[in-house]
Each structure stands twice: as C-alpha cells, then as structure tokens.
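Heads up, the thing below is written out as structure tokens.
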Amino acid sequence: MEYQFSSIEKKWQDQWKEKKAYQVSNDSSKPKCYVLDMFPYPSGAGLHVGHPLGYIASDIYSRYKRLKGFNVLHPMGYDAFGLPAEQYAIEHGVHPLKSTHGNIDNFRKQLDNIGFSYDWDREVRTCDATYYKWTQWIFLQLFNSYYDRGAKQAKPITELIAVFEKEGNANQVCPGDPKMQFDTATWKGFTQKEQQSILMHYRLAFCGYGEVNWCEALGTVLANDEVINGLSERGGHPVEKKKLRQWYLRITEYADRLLSGLDTIQFSEAMKEMQSNWIGKSYGAEIDFAVNGHDASLRVYTTRPDTVFGVDFMVVAPEHALIESITPDTHKAEVEAYIAYVKSRSERERIAEKKITGCFTGAYVVNPFNQKLIPIWISEYVLAGYGTGAIMAVPCGDDRDFKFAQHFNIPITNIIGDAFDGKEANPTKEAKLTNSEFLNGIIQKDAIAIVNEKLAEMGIGQRKVNYRMRDAAFSRQRYWGEPFPIKWMDGVANPLSENELPLLLPDVDNYGPGPEGEGPLANIASWKAENYETNTMPGYAGSSWYFLRYMDPNNESEFCSRKASDYWGQVDLYIGGTEHAVGHLLYSRMWTKALYDLGHIGFDEPFKKLLNQGMIQGSSRFVFRKRGTNTFVSAGLIGADEVDQLHVDVNMVDGFELDTEAFKKWKPDYANATFILEDGKYICSAEVEKMSKSKFNTVNPDDLVQKYGADTFRMYEMFLGPVEQSKPWDTKGIEGVHRFIKKFWRLFFDEMKGKVWVDEMPTAEELKILHKTIKKIEEDTERYSFNTAISTFMICINELYDAGCHKKAILEQVLILITPYAPHFAEELWSALGNQGLIVDANYPIFNAQYVLETAKEYPVSINGKVRANISISLDATEDQVREIVLANEAIQKWVEDKPVKKLIFVKGRMINIVI
RNA sequence: GCCCUGGUGGUGGAACUGGUAGACACGCAGGACUUAAAAUCCUGUGGGCCGCAACGCCCGUGCGGGUUCGAUUCCCGCCUGGGGCACCA
C-alpha cells in the first residue's frame, strides 16, 4: 500500500470538520493555553510560501499543547478594514466589502489546504458590524476616560468632573494644556461648551487640531510609522505637515507603563529595544533662562545640566511662542523671512537636505550662574513638539550645536579641557569640568545632580522626564474603516449611547475624499444631516483588541464577557512578523492597559510571549538577453556583448537550469527565442530578494501541497531553519522531507506485502530509541526549535528502520509525537492500527528515564585539549578508577610517554582531559 | 551616527549551561535493483599531508588578540551581512 497523501489529507480534513475536532469550549477543567497568529490582511495576491511559516509553527505548538492535556484556543480571523481594498474600489468601482469577501474566501481555501487546527466558529472579521460595534464601544470607553497621573491609571471622566467640582484641577495637570488652571468656582462658571472643551484635553480618545502627516495623493493623514523618509509607506507619495482637526489616542500617558511592562513579558531583546526606542524616555532637567530686558524667561529642556557653563547660544524652534515678543525691531524682518523660509520647506526636503540653517533673533538670555549674555537663535533643527521647543546649545559637547556654531561663527567655550580638541564635539560624561566655576574639577556625570539641586534651590529649574513618543493619530479621511460613534453639535463632540451601536458604515457613491480634507462620508447628505463624524478609524483600531473577541466571539451584549477573559487570560504564545513592532504591538498593549484600568479585563499585558517569525525571501532567477535581439546567453558565457538581465519565473528553473521550452511558452515575445547554451544547458544567475509577484520569485504553497502533500509541506517549512530566522526559499530540499515521510510509512506498509506492523513486545533497544525521541521532541517543541525536532524524527525513523522495528507498541507512540507536525499522516496510520477516535485527542507519550539509562560511556580522552582516544568506561567509575583506566590505555600512553601528568580533568558523563 | 542581530562544509543548518565541531537534510560522486525510467537501498563526501589500505598526523566555526586543562560558546579590538532609529537636546 502506497502513501497516497492527497486522498488521505482530503479524508481527514473532512473528518475533522464533520466531527468538529477543533471546536473549543470555554468550559473545561483542563488548564488553558492561548496560541495566536497575527491575523492577516486579506490581500488580493493570495498566500506565498512565506505567509504560512508562522501559522505552521503556531499550529504545531497548539496541537502539541492539546495532546499534553491543555484546552487550547487557536483561532483565526481577518484584519479586513484598510487602504488596499479602498484603493481597489477607487480604481475598479468594486465595493470594498465585495473584494474583501472574495479575498477572504481565497485565503480560507489556501489555509484549509495546509490542515490547520483553527476553531473557525470563532472567526472574526474587523469589517463586520457585529465586530466593529465593539470597536466603537471600546472607543467610547477611551473617549469617556482620562488618565489619573497620581493613581497612574485610566478612570471614568465622570470622576474627573466630580474632582473639578470639588477642587478644580489643581491636582490634575491637564495633559493637553499643562498651564491651564482653574478652581471650583471657575469650573462652575464655565459654560457647558467651555467645560466640554476642557474635558477634551483630558480624554484618552480626543479630538484636537494638530500638525499631522498629510498625504495629498492619498487624501489622508498618516501615522508616524506609516511615513518613511517623508514618503507614505503605501504608494511612496510625498507627505507634508498640515494642521487639521484629528482624533488622537493619548498613548503618551501610558508611556511609562508601556516601558516598564516590557519587563514582564517575553519579547525578543530586539523587539523590546524597538519599543523602548520608540517611547524614548530621557532623564533631564528644565531650566529657565531670564530674557535680557524682558519680563519673560525661556525654558529649555536638557539632559546635560552639567554643561550649563558651556552654553554659547540658545536655539528655539521656529514655532516658539516667545519669538514674537522678544525679537527687537532691528531683527524683525530677518526673523520673519527665516520663518517663512522654514514654512516653505516640506518635511521631505528638510530630511533629505539636512542643511544647517538658522537666524539670530537679536535677543539674549542671561546665564543664571555667571550672568553671561547668551544670544537666542532660531533654527529648524529644534523641534517644537519635543521638550520645551527650546534648547541650550553647548557646542563643545554636542555635535549639532558644534556644527551650528561653526557655521555661524559663534565662539565656542571649552568646559572639558583636553577632552575637547576644537575640531569636533565630545559628548562624553566622563571628563573633568573646567571653566565652570563651582563645578571645576568635578566629573561631568557627578555634576548633573549638583546642578539640579542648585537649580531647585534657585527656583529656576527642576528634574524632568521626557518621552519621544507622540500621541497616536486616530482618524483617517477614508471610507473603509469604522465610523466614529460621535455626533457633532455646536462644536461639541457627543458620544452615541451604547444602545445606538453599531453606527453602521453607509454605502457611498464614490470613494474619493470629501470637501476640505474630510473623508468620503462627508459626501453623504444623510450622514452630514445627522452631524456624524466624517472621519473613520485607522487600520489599527480593529486589530488592537481582536485577541479578546476570539474568547467570546458571538457575545451580543458585551465585547467579551469578563468570565471568558478571566478564563483565557493572556495570549500564551503570539506569533507574527517584526514589522508591527511599534504599531500594532504598542497600540494593543495600550488598549489592554486601558481596558484593565476600567475593570473590563483582568490583565494589563495582552501577550505573554511573542515569537517573531523570520521573513522568507525569494530566490530570483535571471536570464540574459543580447541587447536588441531575441537571443539569450547562458550565464557562464556572457562575454563582451551588451546584455539585459531579466527576471524569469523561478518555477521554470530547476536549480539554475532553465526549462527553455517552458520559457518560450511563458510570454509571446519569447516564442521565437534562441539560446546560447553551455554544456547543452541554459544556466540562470540568481539573487536573493523580497518575495513578490513582480520579481517572478513567488512560490505558491498550493502547488507544493498538491505535489508533496500538506504534511510534507508543513514539515519542510519548519525544517528550513529556526522560525525566527529569515532565509531564502529553496524548494529543492523538500524531497528529503518527503522521503522521510515515505520511509516512516514503510514501517507500517510495504508496497508488495501490504501491512507489515506486528504486535510484538518491544526490545530494550527499541524502547530506548522511543524514549530518547520523546524527550528530545518535547524539549524542542517547548522551545520552538521545530527544525531540530524534525531532524530528531528523522534520526528516530532511521534507527527504527535499521533495527527492523515494525512493532505497533513503538510506532503508535511515535505517531502521537509526530501528530502536531504531520497531522493527516498520523491520523491515517492511527486509524489503520485499529484505534478508535482521533489521534488529535490521544494522550502524549510519557518519557521514562529508565529506558534510556546508560551503564557506560564512550569517553573522549584528550591530552592538552586535543582528543586522542575514545575509551568506554562505566558511568559509576570513580575518578581514581578512571585515571587508572585512562593512563593504562595504549593510545594514551603513546602520547603521555614518560612525561608527568600535571592534572587530570574528569567531567562525569562528558569527557576526560589530561594535562602534561 | 546610534542601537539590536547574525557570520560554521558546495547548500540549508546542528552543537541547549564552555566539554568529541559539522547532527539531520540537500547536492554531488560511485554502486545495487530495473529492458529503461521513476521509486527504493548501500557507500563516500570540511581542507590538507603520509600511505596499497587500515591507522595516523596537521589545519579548520569572519579576522587579530586574551581568559581557560579545554572556546563556535566568555572578554577586548576590528571586518562584514541583515534589521531598527535618526536633527528628540
């Protein structure tokens, strides 16, 4: 009986479906385990071999945990709102819902091919009203909350109102406007509208005017992480700064918790690094410098208060509020011209050119420590949005300040003696200070605290922590997203009540932008008549909480019952790519914390362990066409002729050898192609690139599943290397895995003889092979080392094969071990052995150390670290006995001769080393 | 520029806490079976030296140092691939 994978796989996929084998209950006495994939955006291009890598890994882990007795939640769904579907709608007039559904069907078909154990009854789609109803609901939770800095947690806005009525805002600094202050009476004196406007400055989801990344070509606002070098991530269109009314999430209030929470979760160092860089916490001080001749002071933020005697000039951002009042008439024209120049420059130009520009205001501040007058400059390199929008420049210690000083011939004060060579700035903290009066002779890093104390004493400064992270822009001028559950009345945003949800996304006639940068919803008269918000939520809204919905997907009265979220808790294993490091992974952490603060869930980090799968790259193949001809030269024969290098479909190339007949049929242009061959072959050149349709280097999993079966495909993807590692795809090796599976099959069935397994008692040697394998597979699967697990299976089968073992008692156990990796195969043979029920419900074999006990060990014996002999010695031999045996050995004696043995190192069960 | 990662045979990779480097595969070479092919099986396969062969010896984990009885693994300095951040004061 031959291994007929296609009928076997079809059969078991049908059986699983029929028996609802992967349906998961929230009611179980077993321990829980939640294994999650980052759900995909269903693009029109379909899956290539890179996509399932993480899905296979998570599927193996889920199935393994299930066999180990866990109640495993392993769901899948679709992140279905987003730009591509809308772009497609604009170009082809197809409703995004329709194209999205088509893409989802196609995805599902491809996923089903591979035999995943998803509980499809729990599928979520972010674009379904039954789902986005709750996205809107969570938005309202954020809208109706503020962050209590004292308690370090989100609280209902009603509590804040109560505080205002009792004591004003003295103990609740306004995050949106820190200078705002009012007492009880003032609060009560405000109109309803004024009160609402103040509350907006506290809300966790709020609306405000702000500089945003505006992309004219896309007609929308983009988040910082959607802008790359001044161009939009999608489409590569220019992006500029523009002031618009936008919704934001006050994620900055969570900066510190997002940072400290990293210590409680298992993310890779690289991932934590990326997140903490993004949050960008810095410790420094704010210092007030009195402006000479004005009753005003300039507040700067610095991380280096120790350098205060080295300040040679101040620089403020062009937007700084103080500029107008302190610039003397003599400098007005110049300053205005410079500000106009800065405004004329796009973000893109600024980043691309990085020119040193600036302008002196004509005003001075006084250094509070030595009364020196310090000129105030304006320059675009100082950002209005960070710190106080003003810096004290210390050219001898900061590279940018140094270059600025050089460029404008500003004299430089050296406060670090020999550590500064006059040619470049030295940012050290280890130098001894000079020219610094009371700080002279003190090491810089020690001086920081001294200056901070002095500042506090003088009442002109204090320690200050700053974050680089900005509040997250949360609105898009697009159609295909969640509508905001907000009605505008007299300039006040009114939240819909819970029973008005969902606010359904209406149909539109055209998907183009509305008037004045508004979204397409602004084009609908009935929508405008209701005064609904015309923006929609960004792509990350739905994906920020989907892992909670899987726990309770059909709940119509709650986003997720507390009972369900208490049962499932954190995601135990989350698998996905690194590209979401500072987007999705940060936002979903924030949403989780907010929902936790408000008491809706019982944990404040969503993902306990994150595993990043590597990217599978494409291995492109190229042919060389002689310029102006239809003749193709084999790679090894390219001489002086001018040739054009062209991508060729990798599926027409075997290794490097081109199938010339297939090539001719590929495109009409090539029908009459002629070839210059080497050794009768056309050889292509190769390059590793990103896998993409346009490079003709994509490999479709469907083709491989058809040719080798899903089980072979699954195992091969894992065998390729560690999951975390990026690597180019190469189909060649799949044969080896396929051979292995067939070999395993032949332990059960012989092509001629049919059934060959037997019901005999296993020998000690066979039990040893089995238990060695159980131990290793378990260890490897637990640490996600799937590639080495597969090689362990190969070793096991090779050994059983060599031992001629066809014993059911052994084979059956190995089948259970391999179930997570090759589920269809295991299911088929499990039932062939006469077992009732599914192998996915079997009990995992239990390792018994007794079977693998060794009595002796083949010790490597080295002399001065070089292995010279292998000697078998009993494991319970004492060191003295070992010494005797080893030194008596002929091969060792030859090396030792009559030299004295200085030392003998004996590591039990490992090795022996003789030092002479 | 700063930060994080990786660099091991012809190839993918293994070696988990410092203890026989190259497991397991691919590829290649030779052989068996077959009319032939596919499939399957067997043998060899890091480089070099000496040899009829067995055996044996030397070198070898990006490069140069160091610690150690012993280093792919730890430390210092450099080269290099990949990723992230980038006027953040």
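Quick note on naming: the chains in the structure tokens go A, B, ... in the order shown, residues restart at 1 in each chain, and ligands are numbered from 1 in order of appearance.
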Handout entry: Distance filter 8 Å, only C-alpha atoms (C1' of nucleotides), chain B against chain A, as a list in words
Key =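 Putting it all together, I get C3, C4, U5, G12, G13, A14, G19, U20, C24, A25, C26, C69, G70, G84, C85, C87, C88 and A89 of chain B.
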Exercise for the section: Just list the residues in segment 93-297 of chain A DSSP gives strand (DSSP E or B) on the backbone, as a PyMOL selection string. Expected result: chain A and resi 125+145-148+153-156+203+205-215+220-222+227-228+231-232+238+240-249+266+281-291+297
Exercise for the section: Could you check which of A:Asp572, A:Glu500, A:Asp256, A:Glu605 is closest to Cys33 of chain A, using only C-alpha atoms? Expected result: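 For Cys33 of chain A, the nearest of the candidates is A:Asp572.
Among the candidates A:Asn144, A:Asn835, A:Ser785, A:Asn367, the one nearest to Leu455 of chain A when counting only C-alpha atoms is A:Asn367.
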Practice task
Give me the residues within 10 Å of Leu521 of chain A as a ChimeraX atom specification, counting only C-alpha atoms (C1' of nucleotides) and dropping any in the same chain fewer than 3 places off.
Solution key: /A:477-480,483,505-514,518,524-528,532-536
How would the residues just picked look written out with N, CA, C and O atoms as an mmCIF file, in the first residue's frame?
data_model
loop_
_atom_site.group_PDB
_atom_site.id
_atom_site.type_symbol
_atom_site.label_atom_id
_atom_site.label_comp_id
_atom_site.auth_asym_id
_atom_site.auth_seq_id
_atom_site.Cartn_x
_atom_site.Cartn_y
_atom_site.Cartn_z
ATOM 1 N N GLN A 477 -9.166 60.058 6.737
ATOM 2 C CA GLN A 477 -10.177 60.613 5.846
ATOM 3 C C GLN A 477 -10.460 59.571 4.762
ATOM 4 O O GLN A 477 -10.230 59.783 3.579
ATOM 5 N N ARG A 478 -10.895 58.427 5.208
ATOM 6 C CA ARG A 478 -11.117 57.317 4.290
ATOM 7 C C ARG A 478 -12.502 56.743 4.519
ATOM 8 O O ARG A 478 -13.158 57.037 5.522
ATOM 9 N N TYR A 479 -12.910 55.878 3.613
ATOM 10 C CA TYR A 479 -14.214 55.239 3.717
ATOM 11 C C TYR A 479 -14.148 53.911 4.475
ATOM 12 O O TYR A 479 -14.916 53.649 5.392
ATOM 13 N N TRP A 480 -13.195 53.064 4.093
ATOM 14 C CA TRP A 480 -13.212 51.669 4.533
ATOM 15 C C TRP A 480 -12.616 51.504 5.932
ATOM 16 O O TRP A 480 -11.484 51.016 6.087
ATOM 17 N N PRO A 483 -16.771 53.784 11.465
ATOM 18 C CA PRO A 483 -17.232 55.153 11.725
ATOM 19 C C PRO A 483 -17.087 55.462 13.218
ATOM 20 O O PRO A 483 -17.209 54.561 14.048
ATOM 21 N N LEU A 505 -21.591 51.621 8.851
ATOM 22 C CA LEU A 505 -20.897 52.294 7.759
ATOM 23 C C LEU A 505 -21.849 52.334 6.561
ATOM 24 O O LEU A 505 -22.290 51.285 6.085
ATOM 25 N N PRO A 506 -22.219 53.526 6.096
ATOM 26 C CA PRO A 506 -23.170 53.597 4.977
ATOM 27 C C PRO A 506 -22.477 53.352 3.633
ATOM 28 O O PRO A 506 -21.255 53.408 3.557
ATOM 29 N N ASP A 507 -23.250 53.085 2.623
ATOM 30 C CA ASP A 507 -22.680 52.974 1.279
ATOM 31 C C ASP A 507 -22.459 54.358 0.696
ATOM 32 O O ASP A 507 -23.198 55.285 1.003
ATOM 33 N N VAL A 508 -21.443 54.471 -0.127
ATOM 34 C CA VAL A 508 -21.208 55.766 -0.791
ATOM 35 C C VAL A 508 -21.207 55.562 -2.301
ATOM 36 O O VAL A 508 -21.100 54.431 -2.792
ATOM 37 N N ASP A 509 -21.358 56.674 -3.028
ATOM 38 C CA ASP A 509 -21.338 56.587 -4.488
ATOM 39 C C ASP A 509 -19.920 56.624 -5.020
ATOM 40 O O ASP A 509 -19.588 55.975 -5.987
ATOM 41 N N ASN A 510 -19.098 57.450 -4.350
ATOM 42 C CA ASN A 510 -17.695 57.431 -4.782
ATOM 43 C C ASN A 510 -16.816 57.470 -3.550
ATOM 44 O O ASN A 510 -17.198 57.992 -2.495
ATOM 45 N N TYR A 511 -15.627 56.909 -3.700
ATOM 46 C CA TYR A 511 -14.740 56.724 -2.556
ATOM 47 C C TYR A 511 -13.721 57.845 -2.417
ATOM 48 O O TYR A 511 -12.844 57.771 -1.583
ATOM 49 N N GLY A 512 -13.869 58.875 -3.268
ATOM 50 C CA GLY A 512 -12.930 59.990 -3.236
ATOM 51 C C GLY A 512 -13.124 60.823 -1.981
ATOM 52 O O GLY A 512 -14.146 60.724 -1.305
ATOM 53 N N PRO A 513 -12.121 61.656 -1.649
ATOM 54 C CA PRO A 513 -12.197 62.472 -0.441
ATOM 55 C C PRO A 513 -13.331 63.493 -0.495
ATOM 56 O O PRO A 513 -13.763 63.896 -1.565
ATOM 57 N N GLY A 514 -13.796 63.885 0.675
ATOM 58 C CA GLY A 514 -14.820 64.900 0.767
ATOM 59 C C GLY A 514 -14.205 66.298 0.731
ATOM 60 O O GLY A 514 -13.002 66.429 0.565
ATOM 61 N N GLU A 518 -11.911 66.373 4.299
ATOM 62 C CA GLU A 518 -12.771 65.448 5.036
ATOM 63 C C GLU A 518 -12.851 64.119 4.296
ATOM 64 O O GLU A 518 -12.524 64.019 3.121
ATOM 65 N N ILE A 524 -21.988 62.286 1.872
ATOM 66 C CA ILE A 524 -23.325 61.721 2.005
ATOM 67 C C ILE A 524 -24.220 62.699 2.753
ATOM 68 O O ILE A 524 -23.968 63.015 3.920
ATOM 69 N N ALA A 525 -25.240 63.138 2.080
ATOM 70 C CA ALA A 525 -26.105 64.172 2.651
ATOM 71 C C ALA A 525 -26.756 63.701 3.948
ATOM 72 O O ALA A 525 -26.775 64.420 4.950
ATOM 73 N N SER A 526 -27.256 62.466 3.960
ATOM 74 C CA SER A 526 -27.963 61.974 5.145
ATOM 75 C C SER A 526 -27.020 61.860 6.348
ATOM 76 O O SER A 526 -27.411 62.063 7.487
ATOM 77 N N TRP A 527 -25.781 61.519 6.078
ATOM 78 C CA TRP A 527 -24.765 61.403 7.134
ATOM 79 C C TRP A 527 -24.478 62.784 7.735
ATOM 80 O O TRP A 527 -24.463 62.950 8.951
ATOM 81 N N LYS A 528 -24.287 63.747 6.842
ATOM 82 C CA LYS A 528 -24.000 65.109 7.283
ATOM 83 C C LYS A 528 -25.192 65.675 8.064
ATOM 84 O O LYS A 528 -25.026 66.368 9.057
ATOM 85 N N TYR A 532 -22.933 63.374 12.013
ATOM 86 C CA TYR A 532 -21.974 62.341 12.409
ATOM 87 C C TYR A 532 -20.561 62.761 12.026
ATOM 88 O O TYR A 532 -20.353 63.474 11.040
ATOM 89 N N GLU A 533 -19.624 62.308 12.775
ATOM 90 C CA GLU A 533 -18.208 62.492 12.456
ATOM 91 C C GLU A 533 -17.956 61.874 11.071
ATOM 92 O O GLU A 533 -18.439 60.777 10.777
ATOM 93 N N THR A 534 -17.196 62.595 10.254
ATOM 94 C CA THR A 534 -16.992 62.091 8.888
ATOM 95 C C THR A 534 -15.669 61.356 8.707
ATOM 96 O O THR A 534 -15.415 60.781 7.657
ATOM 97 N N ASN A 535 -14.795 61.397 9.716
ATOM 98 C CA ASN A 535 -13.585 60.577 9.646
ATOM 99 C C ASN A 535 -13.939 59.135 9.995
ATOM 100 O O ASN A 535 -15.008 58.872 10.564
ATOM 101 N N THR A 536 -13.037 58.229 9.669
ATOM 102 C CA THR A 536 -13.175 56.854 10.135
ATOM 103 C C THR A 536 -11.921 56.491 10.922
ATOM 104 O O THR A 536 -10.924 57.207 10.886
#
Exercise for the section: Can you work out the spacing between atom CA of Ala384 of chain A and atom CA of Arg470 of chain A in Å, to one decimal? Expected result: 12.3 Å
Near Gly576 of chain A, counting only C-alpha atoms (C1' of nucleotides), which residues have an atom at most 7 Å away, once you skip same-chain residues fewer than 5 positions from it, shown as a PDB file with C-alpha atoms, in the first residue's frame?
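Generated file (around_28.pdb):
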ATOM      1  CA  ASP A  37      -1.278  34.207  14.981  1.00  0.00           C
ATOM      2  CA  MET A  38      -1.249  37.815  13.898  1.00  0.00           C
ATOM      3  CA  GLY A  54       4.257  31.370  11.403  1.00  0.00           C
ATOM      4  CA  LEU A 611       7.714  34.832  18.731  1.00  0.00           C
ATOM      5  CA  ASN A 612       8.746  36.644  15.566  1.00  0.00           C
ATOM      6  CA  GLN A 613       8.911  34.525  12.510  1.00  0.00           C
TER       7      GLN A 613
END
Problem - Among the residues A:His806, A:Arg625, A:Arg714, A:His48, the one that comes closest to Val699 of chain A [using only C-alpha atoms] - result: A:His48
Exercise for the section: Mind checking which residues fall within 10 Å of G9 of chain B, counting only C-alpha atoms (C1' of nucleotides), ignoring those fewer than 5 positions away in the same chain, and posting them as a ChimeraX atom specification? Expected result: /B:22,45-47
Problem - One-decimal distance in Å that lies between atom CA of Phe143 of chain A and atom CA of Thr158 of chain A - result: 11.4 Å
Practice task
Might you pull out every residue within 10 Å of Asn435 of chain A, with only C-alpha atoms (C1' of nucleotides) counted and same-chain residues fewer than 4 positions away left off, and present them as a list of chain:residue names?
Solution key: A:Phe309, A:Gly310, A:Thr413, A:Asn414, A:Ile415, A:Ile416, A:Gly417, A:Leu439, A:Asn440, A:Gly441
Problem - Point-to-point distance in Å for atom CA of Ala317 of chain A and atom CA of Lys242 of chain A - result: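 One can read the atom CA of Lys242 of chain A to atom CA of Ala317 of chain A distance as 16.8 Å.
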Practice task
Would you mind telling me which residue in B:G56, B:A23, B:C28, B:C74 lies nearest to G10 of chain B when using only C-alpha atoms (C1' of nucleotides)?
Solution key: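 Among B:G56, B:A23, B:C28, B:C74, it is B:C28 that comes nearest to G10 of chain B.
Using only C-alpha atoms for every distance, the candidate list A:Ala290, A:Trp830, A:Asn531, A:Ala764 yields A:Asn531 as the residue closest to Pro495 of chain A.
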Exercise for the section: Fewer than 4 positions away in the same chain doesn't count, so skip those; otherwise give me all residues within 10 Å of Pro485 of chain A, counting only C-alpha atoms (C1' of nucleotides), as a ChimeraX atom specification. Expected result: /A:133,135-137,139-140,493-498,500-504,532-533,536
Exercise for the section: Could you give me the residues within segment 679-801 of chain A that DSSP places in helix (DSSP H, G or I), as a ChimeraX atom specification? Expected result: /A:693-695,701-708,710-719,731-746,764-782,786-801
